[in-house]
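Structure file target14.txt (compact mmCIF, N, CA, C and O atoms) follows.
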```
# COMPACT_ATOMS: atom_id res chain seq x y z
N MET A 1 10.12 0.39 -11.91
CA MET A 1 9.57 1.73 -11.97
C MET A 1 10.01 2.50 -10.72
O MET A 1 10.03 1.96 -9.63
N ASN A 2 10.35 3.75 -10.90
CA ASN A 2 10.75 4.60 -9.79
C ASN A 2 9.52 5.15 -9.10
O ASN A 2 8.71 5.84 -9.72
N THR A 3 9.38 4.88 -7.83
CA THR A 3 8.23 5.36 -7.07
C THR A 3 8.51 6.78 -6.58
O THR A 3 9.54 7.02 -5.96
N PRO A 4 7.59 7.71 -6.86
CA PRO A 4 7.79 9.07 -6.36
C PRO A 4 7.83 9.09 -4.82
O PRO A 4 7.21 8.27 -4.15
N THR A 5 8.57 10.03 -4.29
CA THR A 5 8.75 10.11 -2.85
C THR A 5 7.43 10.33 -2.12
O THR A 5 7.21 9.77 -1.05
N TRP A 6 6.54 11.13 -2.69
CA TRP A 6 5.31 11.44 -1.98
C TRP A 6 4.45 10.20 -1.78
O TRP A 6 3.72 10.11 -0.79
N ILE A 7 4.54 9.22 -2.67
CA ILE A 7 3.78 7.98 -2.50
C ILE A 7 4.33 7.21 -1.30
O ILE A 7 3.57 6.68 -0.49
N ARG A 8 5.63 7.18 -1.15
CA ARG A 8 6.23 6.51 0.00
C ARG A 8 5.87 7.21 1.30
O ARG A 8 5.62 6.57 2.32
N VAL A 9 5.84 8.54 1.28
CA VAL A 9 5.49 9.30 2.48
C VAL A 9 4.04 9.05 2.86
O VAL A 9 3.73 8.82 4.04
N VAL A 10 3.14 9.07 1.90
CA VAL A 10 1.73 8.80 2.17
C VAL A 10 1.56 7.40 2.75
O VAL A 10 0.84 7.21 3.74
N SER A 11 2.22 6.44 2.17
CA SER A 11 2.13 5.07 2.65
C SER A 11 2.64 4.95 4.09
O SER A 11 2.02 4.29 4.94
N PHE A 12 3.75 5.61 4.39
CA PHE A 12 4.31 5.57 5.74
C PHE A 12 3.38 6.22 6.75
O PHE A 12 3.14 5.69 7.84
N VAL A 13 2.84 7.39 6.42
CA VAL A 13 1.95 8.10 7.34
C VAL A 13 0.69 7.30 7.61
O VAL A 13 0.24 7.19 8.76
N VAL A 14 0.11 6.72 6.57
CA VAL A 14 -1.08 5.89 6.75
C VAL A 14 -0.76 4.66 7.59
O VAL A 14 -1.53 4.28 8.48
N SER A 15 0.39 4.04 7.35
CA SER A 15 0.80 2.87 8.14
C SER A 15 0.95 3.23 9.61
O SER A 15 0.47 2.51 10.49
N LEU A 16 1.62 4.33 9.87
CA LEU A 16 1.83 4.75 11.25
C LEU A 16 0.50 5.07 11.93
O LEU A 16 0.27 4.66 13.08
N GLY A 17 -0.37 5.77 11.23
CA GLY A 17 -1.69 6.08 11.79
C GLY A 17 -2.51 4.83 12.06
O GLY A 17 -3.18 4.73 13.10
N ALA A 18 -2.45 3.87 11.16
CA ALA A 18 -3.18 2.63 11.35
C ALA A 18 -2.65 1.86 12.55
O ALA A 18 -3.42 1.29 13.33
N PHE A 19 -1.34 1.86 12.73
CA PHE A 19 -0.74 1.17 13.88
C PHE A 19 -1.20 1.81 15.19
O PHE A 19 -1.64 1.12 16.11
N VAL A 20 -1.12 3.12 15.26
CA VAL A 20 -1.48 3.82 16.49
C VAL A 20 -2.97 3.64 16.79
O VAL A 20 -3.35 3.34 17.94
N LEU A 21 -3.82 3.80 15.79
CA LEU A 21 -5.26 3.64 16.02
C LEU A 21 -5.62 2.22 16.42
O LEU A 21 -6.46 2.00 17.31
N THR A 22 -4.99 1.25 15.81
CA THR A 22 -5.27 -0.15 16.15
C THR A 22 -4.80 -0.46 17.57
O THR A 22 -5.50 -1.15 18.32
N ARG A 23 -3.66 0.07 17.95
CA ARG A 23 -3.18 -0.14 19.32
C ARG A 23 -4.15 0.49 20.33
O ARG A 23 -4.41 -0.07 21.39
N MET A 24 -4.69 1.65 19.98
CA MET A 24 -5.64 2.30 20.89
C MET A 24 -6.94 1.50 20.99
O MET A 24 -7.54 1.44 22.07
N MET A 25 -7.36 0.89 19.90
CA MET A 25 -8.63 0.15 19.90
C MET A 25 -8.51 -1.25 20.48
O MET A 25 -9.52 -1.86 20.81
N THR A 26 -7.30 -1.77 20.59
CA THR A 26 -7.13 -3.13 21.09
C THR A 26 -6.49 -3.14 22.47
O THR A 26 -5.72 -4.04 22.81
N ARG A 27 -6.80 -2.18 23.30
CA ARG A 27 -6.20 -2.08 24.63
C ARG A 27 -6.58 -3.26 25.53
O ARG A 27 -5.83 -3.61 26.42
N GLY A 28 -7.74 -3.87 25.32
CA GLY A 28 -8.18 -4.96 26.18
C GLY A 28 -7.47 -6.28 25.93
O GLY A 28 -7.53 -7.19 26.76
N LEU A 29 -6.80 -6.40 24.81
CA LEU A 29 -6.09 -7.64 24.48
C LEU A 29 -4.75 -7.69 25.21
O LEU A 29 -4.24 -6.66 25.66
N PRO A 30 -4.16 -8.86 25.30
CA PRO A 30 -2.79 -8.92 25.82
C PRO A 30 -1.86 -8.06 24.95
O PRO A 30 -2.09 -7.92 23.73
N TRP A 31 -0.82 -7.50 25.56
CA TRP A 31 0.01 -6.53 24.84
C TRP A 31 0.62 -7.12 23.58
O TRP A 31 0.70 -6.45 22.55
N TRP A 32 1.05 -8.36 23.61
CA TRP A 32 1.70 -8.96 22.44
C TRP A 32 0.71 -9.19 21.31
O TRP A 32 1.04 -9.01 20.15
N LEU A 33 -0.53 -9.57 21.66
CA LEU A 33 -1.55 -9.77 20.63
C LEU A 33 -1.98 -8.43 20.02
O LEU A 33 -2.20 -8.34 18.80
N SER A 34 -2.04 -7.42 20.85
CA SER A 34 -2.38 -6.09 20.36
C SER A 34 -1.33 -5.60 19.37
O SER A 34 -1.66 -5.02 18.33
N ILE A 35 -0.06 -5.86 19.66
CA ILE A 35 1.01 -5.43 18.75
C ILE A 35 0.97 -6.23 17.45
O ILE A 35 1.15 -5.67 16.37
N VAL A 36 0.71 -7.52 17.55
CA VAL A 36 0.63 -8.36 16.34
C VAL A 36 -0.50 -7.89 15.43
O VAL A 36 -0.33 -7.73 14.22
N VAL A 37 -1.67 -7.66 16.03
CA VAL A 37 -2.83 -7.20 15.24
C VAL A 37 -2.52 -5.84 14.63
O VAL A 37 -2.80 -5.60 13.44
N ALA A 38 -1.95 -4.93 15.41
CA ALA A 38 -1.63 -3.59 14.89
C ALA A 38 -0.60 -3.66 13.77
O ALA A 38 -0.68 -2.91 12.80
N PHE A 39 0.36 -4.57 13.89
CA PHE A 39 1.38 -4.72 12.86
C PHE A 39 0.77 -5.20 11.55
O PHE A 39 1.09 -4.68 10.47
N VAL A 40 -0.11 -6.17 11.64
CA VAL A 40 -0.77 -6.68 10.43
C VAL A 40 -1.62 -5.60 9.78
O VAL A 40 -1.59 -5.39 8.56
N VAL A 41 -2.38 -4.88 10.60
CA VAL A 41 -3.21 -3.78 10.07
C VAL A 41 -2.32 -2.71 9.45
O VAL A 41 -2.66 -2.16 8.39
N MET A 42 -1.19 -2.43 10.07
CA MET A 42 -0.26 -1.44 9.54
C MET A 42 0.24 -1.84 8.15
O MET A 42 0.29 -1.03 7.23
N LEU A 43 0.61 -3.11 7.99
CA LEU A 43 1.11 -3.58 6.69
C LEU A 43 0.03 -3.48 5.61
O LEU A 43 0.29 -3.01 4.50
N VAL A 44 -1.17 -3.91 5.95
CA VAL A 44 -2.27 -3.88 4.97
C VAL A 44 -2.62 -2.45 4.60
O VAL A 44 -2.79 -2.11 3.42
N ALA A 45 -2.75 -1.58 5.61
CA ALA A 45 -3.12 -0.18 5.35
C ALA A 45 -2.06 0.53 4.52
O ALA A 45 -2.38 1.30 3.61
N GLY A 46 -0.79 0.28 4.83
CA GLY A 46 0.28 0.91 4.07
C GLY A 46 0.30 0.47 2.63
O GLY A 46 0.50 1.26 1.71
N ARG A 47 0.07 -0.82 2.40
CA ARG A 47 0.03 -1.34 1.03
C ARG A 47 -1.15 -0.75 0.26
O ARG A 47 -1.01 -0.33 -0.90
N LEU A 48 -2.32 -0.71 0.89
CA LEU A 48 -3.49 -0.14 0.22
C LEU A 48 -3.31 1.35 -0.08
O LEU A 48 -3.72 1.83 -1.14
N ALA A 49 -2.69 2.07 0.84
CA ALA A 49 -2.42 3.49 0.61
C ALA A 49 -1.45 3.68 -0.54
O ALA A 49 -1.62 4.58 -1.37
N ALA A 50 -0.42 2.84 -0.61
CA ALA A 50 0.55 2.95 -1.71
C ALA A 50 -0.10 2.65 -3.05
O ALA A 50 0.14 3.34 -4.04
N ILE A 51 -0.95 1.63 -3.07
CA ILE A 51 -1.65 1.29 -4.32
C ILE A 51 -2.58 2.42 -4.74
O ILE A 51 -2.61 2.82 -5.91
N GLY A 52 -3.32 2.95 -3.78
CA GLY A 52 -4.24 4.06 -4.09
C GLY A 52 -3.50 5.29 -4.57
O GLY A 52 -3.93 5.96 -5.52
N ALA A 53 -2.39 5.62 -3.92
CA ALA A 53 -1.62 6.79 -4.33
C ALA A 53 -0.99 6.58 -5.71
O ALA A 53 -0.94 7.51 -6.52
N ALA A 54 -0.53 5.37 -5.99
CA ALA A 54 0.04 5.08 -7.31
C ALA A 54 -1.03 5.18 -8.39
O ALA A 54 -0.78 5.70 -9.48
N GLU A 55 -2.22 4.68 -8.10
CA GLU A 55 -3.32 4.80 -9.06
C GLU A 55 -3.67 6.26 -9.32
O GLU A 55 -3.91 6.65 -10.46
N ALA A 56 -3.70 7.06 -8.26
CA ALA A 56 -3.99 8.50 -8.42
C ALA A 56 -2.89 9.18 -9.22
O ALA A 56 -3.17 10.05 -10.06
N HIS A 57 -1.66 8.77 -9.00
CA HIS A 57 -0.53 9.33 -9.74
C HIS A 57 -0.64 9.02 -11.23
O HIS A 57 -0.45 9.90 -12.08
N VAL A 58 -0.95 7.78 -11.55
CA VAL A 58 -1.10 7.38 -12.95
C VAL A 58 -2.27 8.12 -13.59
O VAL A 58 -2.17 8.61 -14.72
N TRP A 59 -3.37 8.21 -12.86
CA TRP A 59 -4.54 8.93 -13.38
C TRP A 59 -4.18 10.37 -13.65
O TRP A 59 -4.54 10.92 -14.70
N TRP A 60 -3.47 11.03 -12.73
CA TRP A 60 -3.10 12.44 -12.90
C TRP A 60 -2.16 12.62 -14.09
O TRP A 60 -2.32 13.56 -14.86
N ARG A 61 -1.19 11.71 -14.25
CA ARG A 61 -0.27 11.80 -15.38
C ARG A 61 -1.01 11.68 -16.72
O ARG A 61 -0.73 12.42 -17.66
N ARG A 62 -1.91 10.71 -16.80
CA ARG A 62 -2.68 10.53 -18.05
C ARG A 62 -3.55 11.74 -18.33
O ARG A 62 -3.70 12.15 -19.48
N ARG A 63 -4.10 12.32 -17.29
CA ARG A 63 -4.94 13.50 -17.48
C ARG A 63 -4.11 14.67 -17.98
O ARG A 63 -4.55 15.44 -18.84
N GLN A 64 -2.91 14.80 -17.45
CA GLN A 64 -2.03 15.89 -17.90
C GLN A 64 -1.58 15.67 -19.34
O GLN A 64 -1.43 16.62 -20.10
N GLU A 65 -1.35 14.41 -19.72
CA GLU A 65 -0.92 14.13 -21.10
C GLU A 65 -2.02 14.46 -22.10
O GLU A 65 -1.75 14.94 -23.19
N ARG A 66 -3.25 14.18 -21.74
CA ARG A 66 -4.37 14.47 -22.64
C ARG A 66 -4.67 15.94 -22.70
O ARG A 66 -5.25 16.44 -23.65
N GLY A 67 -4.31 16.65 -21.67
CA GLY A 67 -4.64 18.08 -21.58
C GLY A 67 -5.94 18.24 -20.83
O GLY A 67 -6.78 17.33 -20.80
N ALA A 68 -6.09 19.36 -20.22
CA ALA A 68 -7.30 19.63 -19.43
C ALA A 68 -8.50 19.73 -20.37
O ALA A 68 -8.46 20.42 -21.39
N VAL A 69 -9.53 19.04 -20.03
CA VAL A 69 -10.77 19.11 -20.81
C VAL A 69 -11.61 20.21 -20.22
O VAL A 69 -11.98 20.18 -19.07
N THR A 70 -11.89 21.20 -21.07
CA THR A 70 -12.71 22.33 -20.58
C THR A 70 -14.13 22.14 -21.08
O THR A 70 -14.37 21.86 -22.26
N ARG A 71 -15.03 22.27 -20.17
CA ARG A 71 -16.45 22.16 -20.52
C ARG A 71 -17.13 23.47 -20.21
O ARG A 71 -16.96 24.03 -19.14
N SER A 72 -17.91 23.93 -21.16
CA SER A 72 -18.61 25.19 -20.90
C SER A 72 -20.04 25.12 -21.36
O SER A 72 -20.47 24.21 -21.99
```
Show this structure as structure tokens.
Amino acid sequence: MNTPTWIRVVSFVVSLGAFVLTRMMTRGLPWWLSIVVAFVVMLVAGRLAAIGAAEAHVWWRRRQERGAVTRS
């Protein structure tokens, strides 16, 4: 399946943000341990963001196929 570009961008931005925030929160650890922890958090956060964005994309496509449901 072809992944839309915006899903990759969202995943990258979330990964980068998770890395930076984790590095800021783990300042007391040795530098190498802080980087390892931040790297693992970055991978997990990026994967979860990609999954969430893909689910939202599928949901939006299905909603568009059915047509907007108007309630009055």
Worksheet entry | Selected residue of minimal separation from Arg47 (chain A) among A:Thr26, A:Ser11, A:Asn2, A:Gln64, counting all atoms listed in the file | A:Ser11
Worksheet item: Between A:Met25, A:Ala56, A:Val10, A:Ala18, which has the minimum distance to Val40 (chain A) (counting all atoms listed in the file)?
Response: A:Ala18
Discussion item. Between A:Val37, A:Ala45, A:Glu55, A:Arg66, which residue has the minimum interatomic distance to Val14 (chain A), considering all atoms listed in the file?
Written reply: A:Ala45
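Closest approach to Leu21 (chain A) from the set A:Ala38, A:Gly52, A:Trp59, A:Pro4 is made by A:Ala38, with distances taken over all atoms listed in the file.
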Worksheet item: So how many Å separate atom O of Gly17 (chain A) and atom C of Gly46 (chain A), to one decimal?
Response: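 Straight-line distance from atom O of Gly17 (chain A) to atom C of Gly46 (chain A) works out to 11.8 Å.
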Worksheet entry | Atom pair atom O of Met42 (chain A) / atom N of Phe19 (chain A): separation (Å) | 6.4 Å
My structure is short of atoms at region 43-54 of chain A; please model all heavy atoms there, returning them as a CSV table (one decimal), in the coordinates of the input.
```
chain,number,residue,atom,x,y,z
A,43,LEU,N,0.6,-3.1,8.0
A,43,LEU,CA,1.1,-3.6,6.7
A,43,LEU,C,0.0,-3.5,5.6
A,43,LEU,O,0.3,-3.0,4.5
A,43,LEU,CB,1.6,-5.0,6.8
A,43,LEU,CG,2.9,-5.2,7.6
A,43,LEU,CD1,3.2,-6.7,7.7
A,43,LEU,CD2,4.0,-4.5,7.1
A,44,VAL,N,-1.2,-3.9,6.0
A,44,VAL,CA,-2.3,-3.9,5.0
A,44,VAL,C,-2.6,-2.4,4.6
A,44,VAL,O,-2.8,-2.1,3.4
A,44,VAL,CB,-3.5,-4.7,5.5
A,44,VAL,CG1,-4.7,-4.4,4.6
A,44,VAL,CG2,-3.2,-6.1,5.7
A,45,ALA,N,-2.8,-1.6,5.6
A,45,ALA,CA,-3.1,-0.2,5.4
A,45,ALA,C,-2.1,0.5,4.5
A,45,ALA,O,-2.4,1.3,3.6
A,45,ALA,CB,-3.4,0.5,6.7
A,46,GLY,N,-0.8,0.3,4.8
A,46,GLY,CA,0.3,0.9,4.1
A,46,GLY,C,0.3,0.5,2.6
A,46,GLY,O,0.5,1.3,1.7
A,47,ARG,N,0.1,-0.8,2.4
A,47,ARG,CA,0.0,-1.3,1.0
A,47,ARG,C,-1.2,-0.8,0.3
A,47,ARG,O,-1.0,-0.3,-0.9
A,47,ARG,CB,-0.1,-2.9,1.1
A,47,ARG,CG,-0.1,-3.5,-0.3
A,47,ARG,CD,1.1,-3.2,-1.1
A,47,ARG,NE,2.3,-3.6,-0.4
A,47,ARG,CZ,3.3,-4.3,-0.9
A,47,ARG,NH1,3.3,-4.6,-2.2
A,47,ARG,NH2,4.4,-4.5,-0.2
A,48,LEU,N,-2.3,-0.7,0.9
A,48,LEU,CA,-3.5,-0.1,0.2
A,48,LEU,C,-3.3,1.4,-0.1
A,48,LEU,O,-3.7,1.8,-1.1
A,48,LEU,CB,-4.7,-0.4,1.1
A,48,LEU,CG,-5.2,-1.8,1.2
A,48,LEU,CD1,-6.4,-1.9,2.1
A,48,LEU,CD2,-5.6,-2.4,-0.2
A,49,ALA,N,-2.7,2.1,0.8
A,49,ALA,CA,-2.4,3.5,0.6
A,49,ALA,C,-1.4,3.7,-0.5
A,49,ALA,O,-1.6,4.6,-1.4
A,49,ALA,CB,-1.9,4.1,1.9
A,50,ALA,N,-0.4,2.8,-0.6
A,50,ALA,CA,0.6,3.0,-1.7
A,50,ALA,C,-0.1,2.6,-3.0
A,50,ALA,O,0.1,3.3,-4.0
A,50,ALA,CB,1.7,2.0,-1.5
A,51,ILE,N,-1.0,1.6,-3.1
A,51,ILE,CA,-1.6,1.3,-4.3
A,51,ILE,C,-2.6,2.4,-4.7
A,51,ILE,O,-2.6,2.8,-5.9
A,51,ILE,CB,-2.4,0.0,-4.2
A,51,ILE,CG1,-1.4,-1.2,-4.0
A,51,ILE,CG2,-3.4,-0.3,-5.3
A,51,ILE,CD1,-2.1,-2.5,-3.6
A,52,GLY,N,-3.3,3.0,-3.8
A,52,GLY,CA,-4.2,4.1,-4.1
A,52,GLY,C,-3.5,5.3,-4.6
A,52,GLY,O,-3.9,6.0,-5.5
A,53,ALA,N,-2.4,5.6,-3.9
A,53,ALA,CA,-1.6,6.8,-4.3
A,53,ALA,C,-1.0,6.6,-5.7
A,53,ALA,O,-0.9,7.5,-6.5
A,53,ALA,CB,-0.5,7.1,-3.3
A,54,ALA,N,-0.5,5.4,-6.0
A,54,ALA,CA,0.0,5.1,-7.3
A,54,ALA,C,-1.0,5.2,-8.4
A,54,ALA,O,-0.8,5.7,-9.5
A,54,ALA,CB,0.7,3.7,-7.3
```
